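Structure file protein_21.txt (compact mmCIF, C-alpha atoms and all ligand atoms) is printed below.
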```
# COMPACT_ATOMS: atom_id res chain seq x y z
CA MET A 28 -48.68 9.33 11.90
CA LYS A 29 -48.09 8.67 8.22
CA ASN A 30 -46.00 5.65 7.46
CA LYS A 31 -43.28 7.79 5.98
CA LYS A 32 -39.61 7.04 6.47
CA VAL A 33 -38.05 10.05 8.14
CA GLY A 34 -34.32 10.40 8.64
CA ILE A 35 -32.60 12.75 11.03
CA GLN A 36 -33.93 16.20 10.24
CA VAL A 37 -30.90 18.43 10.22
CA GLU A 38 -31.71 21.30 7.94
CA ALA A 39 -30.59 24.88 8.16
CA PRO A 40 -33.43 26.99 9.52
CA GLN A 41 -35.05 29.42 7.11
CA ILE A 42 -33.88 33.00 7.31
CA ASP A 43 -37.19 34.09 8.86
CA GLN A 44 -36.43 31.85 11.82
CA VAL A 45 -33.26 33.81 12.58
CA GLU A 46 -34.55 36.81 14.39
CA THR A 47 -32.73 39.85 15.62
CA LEU A 48 -33.34 41.00 19.14
CA LYS A 49 -34.12 44.47 20.25
CA VAL A 50 -35.17 45.25 23.74
CA ASP A 51 -38.12 47.39 22.73
CA GLN A 52 -39.34 44.74 20.27
CA THR A 53 -39.39 42.09 22.94
CA GLU A 54 -42.62 41.83 24.83
CA MET A 55 -41.45 41.50 28.36
CA PRO A 56 -43.88 40.03 30.85
CA THR A 57 -44.24 41.91 34.10
CA VAL A 58 -42.42 40.20 36.86
CA ASP A 59 -43.73 39.59 40.30
CA GLN A 60 -41.47 36.73 41.24
CA VAL A 61 -38.36 35.21 39.75
CA GLU A 62 -36.41 32.33 41.14
CA VAL A 63 -32.77 31.82 40.38
CA LEU A 64 -31.89 28.94 38.10
CA SER A 65 -29.59 26.15 39.16
CA VAL A 66 -26.40 27.84 38.07
CA ASP A 67 -24.83 27.93 41.50
CA GLN A 68 -21.42 26.57 42.32
CA VAL A 69 -22.70 23.25 43.67
CA ASP A 70 -24.21 22.36 40.31
CA ALA A 71 -21.60 23.81 38.01
CA PRO A 72 -20.52 20.90 35.80
CA LYS A 73 -16.89 20.67 34.75
CA ALA A 74 -16.27 21.11 31.02
CA ASP A 75 -13.62 18.40 30.90
CA LYS A 76 -15.95 15.72 32.33
CA VAL A 77 -18.46 13.77 30.28
CA VAL A 78 -21.68 15.35 31.52
CA GLN A 79 -24.98 13.53 31.41
CA HIS A 80 -28.37 15.04 32.00
CA LYS A 81 -30.50 13.35 34.66
CA PRO A 82 -34.16 13.67 33.71
CA VAL A 83 -36.29 15.33 36.42
CA LEU A 84 -39.72 14.19 37.64
CA LEU A 85 -39.52 11.05 35.50
CA ASN A 86 -42.25 9.06 37.29
CA GLU A 87 -44.51 12.10 37.32
CA VAL A 88 -44.01 12.67 33.57
CA LEU A 89 -44.99 9.06 32.84
CA HIS A 90 -47.97 9.31 35.17
CA PHE A 91 -49.40 12.47 33.61
CA LEU A 92 -48.50 11.76 29.99
CA ALA A 93 -49.83 8.20 30.43
CA PRO A 94 -48.49 6.86 27.09
CA GLN A 95 -50.91 4.48 25.38
CA PRO A 96 -50.37 1.73 22.75
CA GLY A 97 -50.50 2.91 19.14
CA LYS A 98 -50.30 6.62 20.08
CA VAL A 99 -47.79 9.30 19.07
CA TYR A 100 -45.99 11.63 21.49
CA VAL A 101 -43.66 14.59 21.02
CA ASP A 102 -40.85 15.39 23.41
CA VAL A 103 -40.09 18.97 22.31
CA THR A 104 -37.01 19.22 24.55
CA LEU A 105 -35.10 16.03 23.76
CA GLY A 106 -31.83 17.00 25.55
CA GLY A 107 -30.16 13.86 26.90
CA GLY A 108 -33.21 11.80 25.93
CA GLY A 109 -34.00 10.54 29.45
CA HIS A 110 -37.72 11.29 29.25
CA THR A 111 -38.05 10.03 25.67
CA ARG A 112 -36.29 6.76 26.45
CA ALA A 113 -38.57 6.22 29.48
CA ILE A 114 -41.70 6.82 27.37
CA LEU A 115 -40.52 4.42 24.64
CA THR A 116 -39.59 1.76 27.21
CA THR A 117 -42.67 2.07 29.41
CA GLN A 118 -45.06 1.87 26.46
CA PRO A 119 -43.44 -0.45 23.88
CA ASP A 120 -46.21 0.17 21.36
CA CYS A 121 -46.09 3.96 21.05
CA LYS A 122 -44.02 6.33 18.88
CA VAL A 123 -42.06 9.39 19.97
CA ILE A 124 -40.88 12.40 17.99
CA GLY A 125 -37.92 14.05 19.74
CA MET A 126 -37.32 17.74 19.01
CA ASP A 127 -34.48 20.03 20.01
CA TRP A 128 -33.04 23.23 18.56
CA ASP A 129 -29.54 22.25 19.60
CA GLU A 130 -28.06 20.49 16.57
CA SER A 131 -25.58 18.55 18.74
CA VAL A 132 -28.52 16.99 20.64
CA ILE A 133 -30.01 15.72 17.39
CA LYS A 134 -26.65 14.35 16.25
CA THR A 135 -25.90 12.57 19.55
CA THR A 136 -29.04 11.75 21.56
CA GLY A 137 -31.23 11.76 18.45
CA ALA A 138 -28.95 9.43 16.51
CA ALA A 139 -28.55 7.04 19.48
CA LEU A 140 -32.30 6.78 20.07
CA LYS A 141 -32.93 6.34 16.35
CA ALA A 142 -30.49 3.41 16.34
CA GLU A 143 -32.14 1.90 19.42
CA PHE A 144 -35.77 2.44 18.35
CA PRO A 145 -35.57 2.68 14.53
CA ASP A 146 -39.31 2.32 13.87
CA ARG A 147 -40.60 4.21 16.89
CA PHE A 148 -38.42 7.29 17.26
CA THR A 149 -38.01 10.30 14.95
CA PRO A 150 -35.55 13.09 15.74
CA VAL A 151 -36.41 16.59 14.52
CA TRP A 152 -34.18 19.66 14.65
CA GLY A 153 -36.20 22.77 15.36
CA ASN A 154 -37.53 25.45 17.68
CA PHE A 155 -40.52 24.18 19.65
CA SER A 156 -42.19 27.57 19.22
CA LYS A 157 -43.13 26.31 15.73
CA ILE A 158 -44.15 22.80 16.77
CA ASN A 159 -47.02 22.74 14.28
CA ALA A 160 -44.79 23.63 11.31
CA ALA A 161 -42.12 21.11 12.38
CA LEU A 162 -44.65 18.28 12.62
CA ASN A 163 -46.27 19.30 9.37
CA LYS A 164 -42.88 19.05 7.67
CA ILE A 165 -42.56 15.37 8.63
CA GLY A 166 -46.16 14.59 7.68
CA VAL A 167 -47.61 14.38 11.20
CA LYS A 168 -50.94 16.14 11.66
CA LYS A 169 -52.01 15.22 15.20
CA VAL A 170 -50.29 13.85 18.29
CA ASP A 171 -51.60 12.31 21.49
CA GLY A 172 -49.28 13.95 23.95
CA ILE A 173 -46.60 16.62 24.24
CA LEU A 174 -43.83 16.89 26.80
CA ALA A 175 -41.78 20.05 27.36
CA ASP A 176 -38.94 20.19 29.90
CA PHE A 177 -37.87 23.82 29.54
CA GLY A 178 -34.46 25.36 30.06
CA THR A 179 -30.96 24.05 29.51
CA SER A 180 -29.48 20.59 29.90
CA GLN A 181 -26.43 19.89 32.07
CA MET A 182 -24.51 19.18 28.84
CA GLN A 183 -25.35 22.66 27.56
CA ILE A 184 -24.30 24.34 30.80
CA ALA A 185 -20.98 22.48 30.56
CA ASN A 186 -20.37 22.93 26.83
CA THR A 187 -22.12 26.09 25.60
CA ALA A 188 -19.90 29.16 25.83
CA GLY A 189 -21.15 31.67 28.35
CA LEU A 190 -23.76 29.62 30.20
CA SER A 191 -21.62 28.74 33.21
CA ILE A 192 -20.23 31.50 35.41
CA PHE A 193 -17.51 29.12 36.49
CA GLN A 194 -15.91 28.53 33.11
CA ASP A 195 -14.08 31.47 31.63
CA LYS A 196 -15.47 31.53 28.11
CA PHE A 197 -16.78 33.96 25.49
CA LEU A 198 -20.14 35.47 26.50
CA ASP A 199 -22.18 33.76 23.79
CA MET A 200 -25.10 32.12 25.67
CA ARG A 201 -27.00 31.06 22.54
CA MET A 202 -28.35 27.53 23.01
CA SER A 203 -28.52 27.25 19.23
CA SER A 204 -26.34 29.52 17.12
CA ALA A 205 -28.35 28.48 14.03
CA PHE A 206 -31.50 30.08 15.43
CA PHE A 207 -30.12 33.30 16.90
CA LYS A 208 -27.64 35.84 15.62
CA VAL A 209 -27.17 38.01 18.69
CA THR A 210 -24.85 36.88 21.49
CA ALA A 211 -24.93 38.08 25.10
CA GLN A 212 -21.62 39.86 24.40
CA GLU A 213 -23.30 41.95 21.68
CA VAL A 214 -26.18 42.80 24.01
CA LEU A 215 -23.70 43.96 26.68
CA LYS A 216 -21.74 45.93 24.08
CA THR A 217 -24.59 47.73 22.33
CA PHE A 218 -27.66 48.04 24.56
CA SER A 219 -28.29 51.24 26.50
CA GLU A 220 -27.89 51.36 30.28
CA LYS A 221 -31.67 51.61 30.62
CA ASP A 222 -32.34 48.56 28.45
CA LEU A 223 -29.69 46.47 30.20
CA ALA A 224 -31.17 47.34 33.59
CA LYS A 225 -34.62 46.39 32.28
CA ILE A 226 -33.37 42.96 31.12
CA PHE A 227 -31.63 42.31 34.46
CA PHE A 228 -34.71 43.28 36.43
CA GLU A 229 -37.40 41.65 34.32
CA TYR A 230 -35.64 38.37 33.53
CA GLY A 231 -33.48 38.04 36.64
CA GLU A 232 -35.17 40.18 39.32
CA GLU A 233 -31.74 41.64 40.00
CA ARG A 234 -32.31 44.42 42.51
CA PHE A 235 -28.89 45.91 41.74
CA GLY A 236 -29.73 45.90 38.01
CA ASN A 237 -29.35 49.68 37.61
CA ARG A 238 -25.99 49.70 39.34
CA ILE A 239 -24.72 46.72 37.31
CA ALA A 240 -25.95 48.25 34.03
CA ARG A 241 -24.18 51.52 34.85
CA ALA A 242 -20.92 49.68 35.63
CA ILE A 243 -21.16 47.76 32.34
CA VAL A 244 -21.69 50.92 30.28
CA GLU A 245 -18.85 52.77 32.07
CA THR A 246 -16.45 49.83 31.72
CA ARG A 247 -17.14 48.93 28.09
CA TYR A 248 -15.74 52.26 26.76
CA LYS A 249 -12.36 51.34 28.24
CA THR A 250 -12.34 47.54 28.14
CA PRO A 251 -14.68 45.49 25.95
CA LEU A 252 -16.56 42.88 28.03
CA ARG A 253 -15.97 39.60 26.25
CA THR A 254 -15.82 36.79 28.79
CA THR A 255 -17.85 35.27 31.62
CA LYS A 256 -15.01 35.95 34.07
CA GLN A 257 -14.87 39.66 33.16
CA LEU A 258 -18.64 40.01 33.64
CA ALA A 259 -18.74 37.97 36.87
CA GLU A 260 -15.87 39.98 38.38
CA LEU A 261 -17.42 43.30 37.37
CA ILE A 262 -20.71 42.31 39.05
CA GLU A 263 -18.87 41.13 42.19
CA SER A 264 -17.14 44.50 42.38
CA VAL A 265 -20.40 46.51 42.38
CA VAL A 266 -22.86 44.29 44.29
CA PRO A 267 -22.51 44.92 48.03
CA GLY A 268 -21.99 42.06 50.50
CA SER A 269 -21.68 39.45 47.77
CA LYS A 270 -18.71 37.67 49.36
CA GLY A 271 -19.76 34.54 51.28
CA SER A 272 -23.21 34.40 49.62
CA LYS A 273 -24.37 30.87 48.69
CA ILE A 274 -25.15 31.81 45.13
CA HIS A 275 -22.75 33.77 42.96
CA PRO A 276 -23.73 37.47 42.76
CA ALA A 277 -23.74 37.26 38.96
CA THR A 278 -26.24 34.36 38.82
CA ARG A 279 -29.31 36.53 38.26
CA VAL A 280 -27.67 38.59 35.50
CA PHE A 281 -26.48 35.42 33.74
CA GLN A 282 -30.02 34.01 33.94
CA ALA A 283 -31.52 37.23 32.59
CA LEU A 284 -29.11 37.42 29.66
CA ARG A 285 -29.66 33.76 28.76
CA ILE A 286 -33.45 34.12 28.79
CA PHE A 287 -33.22 37.29 26.69
CA VAL A 288 -30.70 36.02 24.13
CA ASN A 289 -32.65 32.79 23.54
CA LYS A 290 -36.11 34.46 23.66
CA GLU A 291 -37.07 31.72 26.08
CA LEU A 292 -40.37 33.15 27.31
CA GLU A 293 -41.64 34.15 23.86
CA ASN A 294 -40.84 30.63 22.63
CA ILE A 295 -42.89 29.06 25.42
CA GLN A 296 -45.83 31.33 24.64
CA SER A 297 -45.80 30.46 20.93
CA PHE A 298 -45.23 26.79 21.71
CA LEU A 299 -48.33 26.57 23.89
CA ALA A 300 -50.50 28.43 21.38
CA ASN A 301 -49.29 26.26 18.48
CA SER A 302 -49.57 23.01 20.45
CA ILE A 303 -53.34 23.29 20.43
CA LYS A 304 -53.25 23.03 16.61
CA VAL A 305 -51.66 19.57 16.70
CA LEU A 306 -53.47 17.89 19.58
CA ALA A 307 -55.64 14.84 18.85
CA PRO A 308 -58.83 14.24 20.86
CA ASP A 309 -58.11 13.08 24.41
CA SER A 310 -54.49 14.20 24.40
CA ARG A 311 -52.19 15.52 27.09
CA VAL A 312 -49.66 18.31 27.50
CA VAL A 313 -47.04 18.07 30.26
CA CYS A 314 -44.71 20.99 31.00
CA ILE A 315 -41.78 21.21 33.41
CA SER A 316 -40.60 24.71 34.34
CA PHE A 317 -37.56 25.79 36.32
CA HIS A 318 -38.46 29.31 37.34
CA SER A 319 -41.62 31.21 38.01
CA LEU A 320 -41.56 33.23 34.78
CA GLU A 321 -41.93 30.00 32.80
CA ASP A 322 -44.33 28.38 35.24
CA ARG A 323 -46.62 31.40 35.27
CA ILE A 324 -46.99 31.30 31.46
CA VAL A 325 -47.96 27.59 31.58
CA LYS A 326 -50.32 28.05 34.53
CA GLN A 327 -52.14 30.97 32.86
CA PHE A 328 -52.36 29.18 29.54
CA PHE A 329 -53.87 26.03 31.09
CA ARG A 330 -56.29 28.15 33.11
CA GLU A 331 -57.46 30.04 30.00
CA GLN A 332 -57.85 26.83 27.98
CA SER A 333 -59.95 25.19 30.67
CA LYS A 334 -62.45 28.05 30.35
CA PHE A 335 -63.31 27.45 26.68
CA PRO A 336 -66.73 25.78 26.55
CA LEU A 337 -66.08 23.96 23.26
CA ILE A 338 -62.89 22.33 24.51
CA LYS A 339 -63.60 19.65 27.07
CA SER A 340 -60.37 19.84 28.91
CA GLU A 341 -59.13 19.36 32.41
CA VAL A 342 -56.15 20.58 34.37
CA LEU A 343 -54.60 17.40 35.79
CA THR A 344 -52.45 19.24 38.31
CA PRO A 345 -54.68 21.59 40.29
CA ARG A 346 -51.66 21.85 42.58
CA VAL A 347 -48.28 22.14 40.91
CA CYS A 348 -46.25 18.92 41.09
CA THR A 349 -42.70 19.06 42.49
CA ALA A 350 -39.91 16.56 43.17
CA THR A 351 -40.13 14.08 46.04
CA GLU A 352 -37.56 14.01 48.85
CA GLU A 353 -36.21 10.78 47.32
CA GLU A 354 -35.57 12.48 43.99
CA LEU A 355 -34.06 15.58 45.59
CA ALA A 356 -31.60 13.35 47.46
CA ILE A 357 -30.17 12.07 44.18
CA ASN A 358 -30.78 15.00 41.80
CA ARG A 359 -30.38 18.54 43.10
CA SER A 360 -31.34 19.96 39.69
CA ALA A 361 -34.89 18.84 40.43
CA ARG A 362 -35.26 21.24 43.35
CA SER A 363 -36.80 24.06 41.33
CA ALA A 364 -38.70 21.85 38.83
CA LYS A 365 -42.46 22.41 38.64
CA LEU A 366 -44.68 20.16 36.56
CA ARG A 367 -48.13 21.06 35.23
CA ALA A 368 -50.27 18.82 33.05
CA MET A 369 -53.52 19.18 31.17
CA ARG A 370 -55.81 16.80 29.31
CA PHE A 371 -57.35 18.23 26.15
CA ASP A 372 -60.39 16.93 24.36
CA ILE A 373 -60.52 19.09 21.29
C1 LIG B 1 -33.78 20.57 30.34
S1 LIG B 1 -33.21 20.02 28.80
C2 LIG B 1 -34.25 18.64 28.47
C3 LIG B 1 -33.74 17.37 29.08
C4 LIG B 1 -34.49 16.13 28.65
N1 LIG B 1 -35.87 16.15 29.05
C5 LIG B 1 -33.82 14.86 29.16
O1 LIG B 1 -34.51 14.01 29.74
O2 LIG B 1 -32.61 14.73 29.00
C6 LIG B 1 -33.90 21.21 27.72
C7 LIG B 1 -33.60 20.98 26.25
O3 LIG B 1 -34.54 21.77 25.53
C8 LIG B 1 -33.89 22.36 24.44
N2 LIG B 1 -34.63 23.60 24.13
C9 LIG B 1 -34.74 24.72 24.89
N3 LIG B 1 -35.50 25.62 24.27
C10 LIG B 1 -35.87 25.06 23.08
C11 LIG B 1 -36.66 25.52 21.99
N4 LIG B 1 -37.23 26.73 21.98
N5 LIG B 1 -36.86 24.67 20.95
C12 LIG B 1 -36.30 23.43 20.94
N6 LIG B 1 -35.52 22.96 21.94
C13 LIG B 1 -35.32 23.77 23.00
C14 LIG B 1 -32.49 22.61 24.91
O4 LIG B 1 -31.63 22.70 23.80
C15 LIG B 1 -32.23 21.41 25.80
O5 LIG B 1 -31.61 20.38 25.09
```
Could you write out this structure as structure tokens?
Ligand SMILES: C[S@@+](CC[C@H](N)C(=O)[O-])C[C@H]1O[C@@H](n2cnc3c(N)ncnc32)[C@H](O)[C@@H]1O
Amino acid sequence: MKNKKVGIQVEAPQIDQVETLKVDQTEMPTVDQVEVLSVDQVDAPKADKVVQHKPVLLNEVLHFLAPQPGKVYVDVTLGGGGHTRAILTTQPDCKVIGMDWDESVIKTTGAALKAEFPDRFTPVWGNFSKINAALNKIGVKKVDGILADFGTSQMQIANTAGLSIFQDKFLDMRMSSAFFKVTAQEVLKTFSEKDLAKIFFEYGEERFGNRIARAIVETRYKTPLRTTKQLAELIESVVPGSKGSKIHPATRVFQALRIFVNKELENIQSFLANSIKVLAPDSRVVCISFHSLEDRIVKQFFREQSKFPLIKSEVLTPRVCTATEEELAINRSARSAKLRAMRFDI
């Protein structure tokens, strides 16, 4: 890392970073299995409480990333900073760059960590899909390890309009309004019945996707769908036997819309491909996924990379790593977390 003084990087993204979404432009992976994210009632944080994000698989992250003295690491999903703080504390002679596309994360977590570790922590505002460009911008060419903890933080579920079914808010769902123009409300308002059904099936494995899409299209001519409550109630009214179910019947549709609006899977694909460009010899990549669509992308990428003869690399998790009973007892959000790690010698 160059000895260059870097302040908090809060710059408006370039116009080419703000992309419009069209269903037929989006390469949708085929789905064989989708798990539902932790958006059920038990986990729904209350907006009026100060919500903190508990980092998942903390010991496992430290074990697989294995931070070393004098080395540089990137946490591309800074969030509440739990993983970053643990890395900086466990290895008092390493540096960490903390990235997030949510500007509020950079202004809160980023600023707090910068104050606590002024010479060892650098916050960067950006989309991890362009990790190489973001590092290049702050004069960093190679790093020794990368951590990605995909998805949303508990703070985002509590505070970002549209992410929680249990708060009646505008159907926005963008984790970063600076990076995306199109809200979930606009998707629901303008996309065809066929395209909506495709989103619900491919990103949420919603078996009543066709029925829900039809109800949305029929309803929106009379009453514009603007809020989470309107959408959740519409889905409840068309999905059979949804009363008494442990998860809310709208959970899968909310998940699908969030993944689509934020281009979550495309970002992970670009992130992995671009990560290779910034890895130093004998470096590590650790990824935590929360549903099988994400996990499958990571698993396939690691498998492909391990086949290249010129890259001496090794998958460190031949079996996916999940939370221990002890962790699950204190953090239910960890129940669907899956960690995969790989050592690269490029
Ligand atoms: C699960 S939270 C990370 C929590 C964090 N590891 C901690 O210990 O508190 C995921 C974070 O990644 C960020 N994120 C999601 N997709 C991103 C992307 N494409 N680029 C940058 N940040 C992203 C979200 O804004 C969120 O803050």
Exercise for the section: List all protein, DNA and RNA residues that have an atom no more than 7 Å from any atom of ligand LIG 1 (chain B), counting all atoms listed in the file, and report them as a list in words. Expected result: His80, Lys81, Pro82, Val103, Thr104, Leu105, Gly106, Gly107, Gly108, Gly109, His110, Thr111, Met126, Asp127, Trp128, Asp129, Val132, Gly153, Asn154, Phe155, Ser156, Asp176, Phe177, Gly178, Thr179, Ser180, Met202, Glu291 and Asn294 of chain A
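For the residues A:Leu85, A:Leu299, A:Ile192, A:Val99, ranking by smallest atom-to-atom distance to Asn159 in chain A using all atoms listed in the file places A:Leu299 first.
The residue that comes closest to Ala307 in chain A, out of A:Arg370, A:Arg323, A:Lys290, A:His275 and on the basis of only C-alpha atoms, is A:Arg370.
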Would you pick out the contacts of range 243-252 of chain A at 7 Å or less, using all atoms listed in the file, so that residues sharing its chain but fewer than 5 positions from it are not included, and give the list as a PDB file with C-alpha atoms, in the frame of the given file?
```
ATOM      1  CA  GLN A 212     -21.620  39.860  24.400  1.00  0.00           C
ATOM      2  CA  LYS A 216     -21.740  45.930  24.080  1.00  0.00           C
ATOM      3  CA  GLU A 220     -27.890  51.360  30.280  1.00  0.00           C
ATOM      4  CA  GLN A 257     -14.870  39.660  33.160  1.00  0.00           C
ATOM      5  CA  LEU A 258     -18.640  40.010  33.640  1.00  0.00           C
TER       6      LEU A 258
END
```
Exercise for the section: Grab the CA of Val170 in chain A to CA of Leu306 in chain A distance for me, in Å with one decimal place. Expected result: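 Straight-line distance from CA of Val170 in chain A to CA of Leu306 in chain A works out to 5.3 Å.
For the set A:Val325, A:Ala113, A:Ala368, A:Ala211, the residue with the smallest atom-to-atom gap to Phe197 in chain A is A:Ala211, counting only C-alpha atoms.
For the choices A:Ala160, A:Val305, A:Ala300, A:Ile114, the atom-to-atom distance to Phe329 in chain A is smallest for A:Ala300 when using all atoms listed in the file.
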Exercise for the section: Have a look at A:Arg112, A:Lys304, A:Lys164, A:Arg285 and name the one nearest to Phe144 in chain A; count all atoms listed in the file. Expected result: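 Ranking A:Arg112, A:Lys304, A:Lys164, A:Arg285 by distance to Phe144 in chain A, first place goes to A:Arg112.
Separating CA of Leu223 in chain A from CA of Ala242 in chain A is a distance of 10.8 Å.
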Problem - Using all atoms listed in the file: which of A:Leu320, A:Ala361, A:Ala205, A:Val312 has the shortest distance to Glu130 in chain A - result: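 So, comparing all the options, the nearest one is A:Ala205.
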Problem - Close residues, Leu355 in chain A itself excluded, 10 Å, all atoms listed in the file, min 6 positions apart in chain, as a VMD selection string - result: chain A and resid 83 to 84 349 361 to 363
